[in-house]
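Q: Structure: run_5.txt, compact mmCIF, C-alpha atoms.
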# COMPACT_ATOMS: atom_id res chain seq x y z
CA MET P 1486 176.74 121.08 53.02
CA ILE P 1487 173.83 118.97 54.18
CA ASP P 1488 171.39 119.61 56.98
CA HIS P 1489 172.63 116.76 59.16
CA SER P 1490 175.45 114.25 58.89
CA HIS P 1491 175.72 111.14 56.84
CA GLU P 1492 177.56 108.25 58.41
CA PHE P 1493 179.04 105.79 55.94
CA ARG P 1494 179.31 102.25 57.36
CA GLY P 1495 181.09 100.53 54.49
CA LEU P 1496 180.01 97.45 52.55
CA TYR P 1497 177.41 94.98 53.75
CA PRO P 1498 176.51 91.58 52.30
CA SER P 1499 173.42 91.67 50.09
CA LEU P 1500 171.67 88.72 51.75
CA ASN P 1501 169.04 90.94 53.35
CA ASP P 1502 168.86 93.47 50.52
CA ARG P 1503 168.67 90.89 47.71
CA LEU P 1504 170.46 93.14 45.24
CA GLU P 1505 172.69 91.54 42.60
CA ARG P 1506 176.50 91.17 42.68
CA ALA P 1507 178.56 91.07 45.85
CA GLY P 1508 176.94 93.58 48.16
CA VAL P 1509 175.71 97.10 48.84
CA CYS P 1510 177.04 100.07 50.73
CA THR P 1511 174.85 101.81 53.29
CA VAL P 1512 174.77 105.56 53.87
CA PHE P 1513 173.35 106.50 57.27
CA PHE P 1514 171.59 109.86 57.70
CA ARG P 1515 171.71 111.43 61.14
CA GLY P 1516 168.44 112.50 62.79
CA CYS P 1517 164.94 111.06 63.16
CA PRO P 1518 161.74 112.64 64.54
CA ILE P 1519 160.73 109.39 66.28
CA ARG P 1520 162.36 107.83 69.34
CA CYS P 1521 161.56 104.12 69.26
CA SER P 1522 162.85 102.44 72.39
CA TYR P 1523 164.36 99.55 70.43
CA CYS P 1524 166.23 101.61 67.81
CA GLN P 1525 169.51 99.93 66.88
CA ASN P 1526 170.96 103.24 65.67
CA GLU P 1527 170.05 105.48 68.60
CA GLY P 1528 173.57 106.95 68.50
CA ILE P 1529 172.75 108.88 65.31
CA LEU P 1530 169.24 110.06 66.18
CA THR P 1531 170.61 113.42 67.37
CA GLY P 1532 173.81 115.45 67.16
CA GLU P 1533 175.68 117.04 64.27
CA ASP P 1534 178.45 115.88 61.93
CA PHE P 1535 178.14 118.02 58.82
CA ARG P 1536 179.54 116.55 55.60
CA ASP P 1537 179.74 117.93 52.08
CA LEU P 1538 177.77 115.88 49.56
CA GLU P 1539 180.82 115.58 47.33
CA GLU P 1540 182.58 113.69 50.10
CA ILE P 1541 179.72 111.19 50.27
CA LYS P 1542 179.70 110.85 46.48
CA ASP P 1543 183.43 110.09 46.52
CA MET P 1544 182.79 107.33 49.08
CA ILE P 1545 180.09 105.84 46.89
CA THR P 1546 182.31 106.05 43.81
CA SER P 1547 185.20 104.31 45.55
CA SER P 1548 182.88 101.45 46.52
CA SER P 1549 181.13 101.17 43.15
CA PRO P 1550 183.40 98.51 41.56
CA TYR P 1551 182.44 96.07 44.32
CA ILE P 1552 178.74 96.69 44.86
CA SER P 1553 175.41 96.57 43.08
CA GLY P 1554 173.70 99.38 44.93
CA VAL P 1555 173.45 101.92 47.72
CA MET P 1556 171.08 101.63 50.67
CA PHE P 1557 170.09 104.90 52.36
CA SER P 1558 169.14 104.44 56.00
CA GLY P 1559 169.35 106.28 59.29
CA GLY P 1560 168.08 107.89 61.33
CA GLU P 1561 165.46 108.76 58.76
CA PRO P 1562 166.87 109.47 55.27
CA THR P 1563 163.67 110.93 53.77
CA ARG P 1564 163.79 113.71 56.38
CA GLN P 1565 166.69 115.27 54.43
CA ARG P 1566 164.97 115.46 51.06
CA GLU P 1567 167.40 117.53 49.00
CA ALA P 1568 170.49 115.62 50.16
CA LEU P 1569 168.80 112.27 49.59
CA MET P 1570 167.55 113.26 46.13
CA GLU P 1571 171.00 114.42 45.03
CA LEU P 1572 172.73 111.29 46.31
CA ALA P 1573 170.10 109.04 44.73
CA ARG P 1574 170.48 110.81 41.38
CA TYR P 1575 174.23 110.43 41.60
CA SER P 1576 174.03 106.74 42.48
CA LYS P 1577 171.66 105.98 39.60
CA GLY P 1578 173.93 108.00 37.31
CA ILE P 1579 176.79 105.57 37.95
CA ASN P 1580 174.50 102.57 37.37
CA LEU P 1581 173.91 101.57 40.98
CA ASP P 1582 170.56 100.42 42.34
CA VAL P 1583 169.10 102.54 45.13
CA GLY P 1584 167.33 101.30 48.24
CA ILE P 1585 165.62 103.25 51.01
CA GLN P 1586 164.93 102.13 54.59
CA THR P 1587 162.28 104.48 55.95
CA ASN P 1588 159.60 104.86 58.61
CA GLY P 1589 157.29 106.45 56.04
CA LEU P 1590 156.83 109.75 57.87
CA PHE P 1591 157.71 111.83 54.80
CA PRO P 1592 155.61 110.57 51.85
CA ASP P 1593 156.35 113.64 49.73
CA THR P 1594 160.03 112.69 49.60
CA LEU P 1595 159.17 109.12 48.63
CA GLY P 1596 156.77 110.41 46.00
CA GLN P 1597 159.46 112.55 44.41
CA LEU P 1598 161.96 109.69 44.39
CA LEU P 1599 159.40 107.43 42.71
CA GLU P 1600 158.34 110.08 40.21
CA GLU P 1601 161.94 110.51 39.08
CA ARG P 1602 162.52 106.72 39.21
CA LEU P 1603 165.43 107.15 41.58
CA VAL P 1604 164.68 104.22 43.88
CA ASP P 1605 164.56 100.48 43.20
CA LYS P 1606 163.75 99.08 46.64
CA VAL P 1607 161.85 100.44 49.65
CA ALA P 1608 161.74 98.80 53.07
CA LEU P 1609 158.88 100.55 54.89
CA ASP P 1610 159.12 100.21 58.67
CA PHE P 1611 155.61 100.51 60.09
CA LYS P 1612 155.54 101.76 63.68
CA SER P 1613 152.77 100.81 66.11
CA ARG P 1614 151.35 102.51 69.19
CA PHE P 1615 153.13 100.13 71.55
CA GLU P 1616 156.74 100.31 70.50
CA GLY P 1617 157.93 102.13 73.62
CA TYR P 1618 158.44 105.69 72.42
CA SER P 1619 160.73 107.43 74.87
CA GLY P 1620 158.71 110.66 74.91
CA GLN P 1621 161.66 112.65 73.48
CA LEU P 1622 159.90 113.28 70.19
CA GLU P 1623 160.79 116.07 67.78
CA ASN P 1624 158.47 118.67 66.32
CA GLY P 1625 155.33 117.65 68.19
CA PHE P 1626 155.29 114.12 66.78
CA ASN P 1627 152.04 112.29 67.35
CA PHE P 1628 150.99 108.84 66.25
CA GLU P 1629 147.86 109.91 64.38
CA ASN P 1630 149.89 112.15 62.07
CA TYR P 1631 152.45 109.40 61.59
CA GLU P 1632 149.79 106.83 60.76
CA ARG P 1633 148.28 109.09 58.07
CA ASN P 1634 151.68 109.67 56.50
CA VAL P 1635 152.89 106.07 56.61
CA ARG P 1636 149.68 104.93 54.93
CA LYS P 1637 150.28 107.51 52.18
CA SER P 1638 153.83 106.19 51.82
CA PHE P 1639 152.53 102.64 51.65
CA THR P 1640 150.04 103.48 48.91
CA LEU P 1641 152.69 105.29 46.87
CA CYS P 1642 155.09 102.36 47.12
CA LYS P 1643 152.44 99.69 46.54
CA ASN P 1644 151.29 101.41 43.35
CA ALA P 1645 154.88 101.86 42.17
CA TYR P 1646 155.59 98.19 42.92
CA ALA P 1647 152.55 97.11 40.91
CA ARG P 1648 153.76 99.22 37.96
CA ASN P 1649 157.34 97.84 38.24
CA ILE P 1650 158.73 101.25 39.12
CA LEU P 1651 159.89 99.60 42.34
CA THR P 1652 161.52 96.23 41.76
CA GLU P 1653 161.39 95.41 45.47
CA PHE P 1654 159.04 96.56 48.23
CA GLU P 1655 158.57 95.16 51.70
CA VAL P 1656 156.86 96.22 54.91
CA VAL P 1657 158.78 95.71 58.15
CA ILE P 1658 157.08 95.35 61.54
CA THR P 1659 158.78 95.08 64.93
CA ILE P 1660 156.98 92.60 67.17
CA PHE P 1661 156.06 93.28 70.80
CA TYR P 1662 153.42 91.41 72.75
CA GLU P 1663 151.42 94.66 73.08
CA ASN P 1664 151.00 95.24 69.35
CA GLU P 1665 149.47 91.94 68.23
CA GLU P 1666 146.23 93.51 67.01
CA TYR P 1667 148.07 96.26 65.15
CA ILE P 1668 150.23 93.68 63.39
CA GLU P 1669 147.09 91.91 62.20
CA GLU P 1670 145.74 95.24 60.92
CA ILE P 1671 148.95 96.00 59.02
CA SER P 1672 149.05 92.48 57.61
CA ALA P 1673 145.52 92.92 56.24
CA LEU P 1674 146.54 96.26 54.72
CA THR P 1675 149.68 94.97 53.02
CA GLY P 1676 147.96 92.12 51.21
CA LYS P 1677 150.47 90.45 48.88
CA VAL P 1678 153.28 92.87 49.69
CA PRO P 1679 156.11 90.97 51.43
CA LEU P 1680 155.90 91.37 55.22
CA VAL P 1681 159.04 91.15 57.36
CA LEU P 1682 158.67 90.55 61.11
CA GLN P 1683 161.50 91.37 63.49
CA GLN P 1684 161.63 90.82 67.23
CA GLY P 1685 161.65 94.01 69.31
CA GLU P 1686 163.70 94.61 72.44
CA HIS P 1687 163.38 97.85 74.42
CA LYS P 1688 166.80 99.50 74.72
CA MET P 1689 166.06 103.19 75.35
CA LEU P 1690 164.36 104.42 78.52
CA ARG P 1691 160.59 104.62 78.11
CA LEU P 1692 159.53 107.91 79.68
CA THR P 1693 155.84 108.12 78.84
CA THR P 1694 152.93 105.90 77.97
CA PRO P 1695 152.29 105.35 74.25
CA PRO P 1696 150.50 108.25 72.48
Take the structure in the file and write it out as structure tokens.
A:
Amino acid sequence: MIDHSHEFRGLYPSLNDRLERAGVCTVFFRGCPIRCSYCQNEGILTGEDFRDLEEIKDMITSSSPYISGVMFSGGEPTRQREALMELARYSKGINLDVGIQTNGLFPDTLGQLLEERLVDKVALDFKSRFEGYSGQLENGFNFENYERNVRKSFTLCKNAYARNILTEFEVVITIFYENEEYIEEISALTGKVPLVLQQGEHKMLRLTTPP
């Protein structure tokens, strides 16, 4: 059994993920320590739906004739290290590419995935101070700790990308009018790493001022 649920959302076109063949399947991990007000998957940030890993592997196997890879998303997939590592190993073992969508809060998990060459693409979602955190944050989350960890994650992925361990690496930023300066700072940090900008829209109730 895994610590929290995985939600399998079927096959998605590969236009955004740029993996070969027809498409990828996405495995969603339940749970995330951060509560961004614009999160499109707020329904799986909390709660429980325990699934055996063999069930998830069977889902991946049944999709494998039609896809080029598996994208692990959430929630925050790197929060569940052991489950993610096992599913990534399994996916690579049946010749599927592996992608991770992550907020970068858990660099040790990313480091282990890269060390074992279990991931081909990382989309690193940088958070800023002005993204409307709801205040319902797990485990004493604070932005300073997040910023340290996401920069570690960025360095790990950038180095792996330069060494062709990662075939694809991009940084994702959600745009709000309040975080213009932070976007410029991240852009300077990323250098030649592809930068993806997406428009933010507050959906969840903002309970406190940004940390």
Q: In terms of the shortest atom-to-atom distance over only C-alpha atoms, which of P:Val1604, P:Ile1579, P:Val1512, P:Leu1572 is closest to Gly1560 (chain P)?
A: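 Of P:Val1604, P:Ile1579, P:Val1512, P:Leu1572, the one nearest Gly1560 (chain P), counting only C-alpha atoms, is P:Val1512.
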Q: Would you mind telling me which residue in P:Leu1599, P:Ala1568, P:Cys1517, P:Val1678 lies nearest to Ile1529 (chain P) when using only C-alpha atoms?
A: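 Residue with the minimum atom-to-atom distance to Ile1529 (chain P): P:Cys1517.
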Q: At what distance in Å, to one decimal, does CA of Phe1654 (chain P) lie from CA of Glu1666 (chain P)?
A: 22.9 Å
Q: So, counting all atoms listed in the file, which residue among P:Ser1672, P:Gln1597, P:Asn1580, P:Thr1659 is closest to Ser1549 (chain P)?
A: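 Residue with the minimum atom-to-atom distance to Ser1549 (chain P): P:Asn1580.
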Q: Do you have the CA of Ile1668 (chain P)-CA of Ala1647 (chain P) distance handy?
A: 22.9 Å
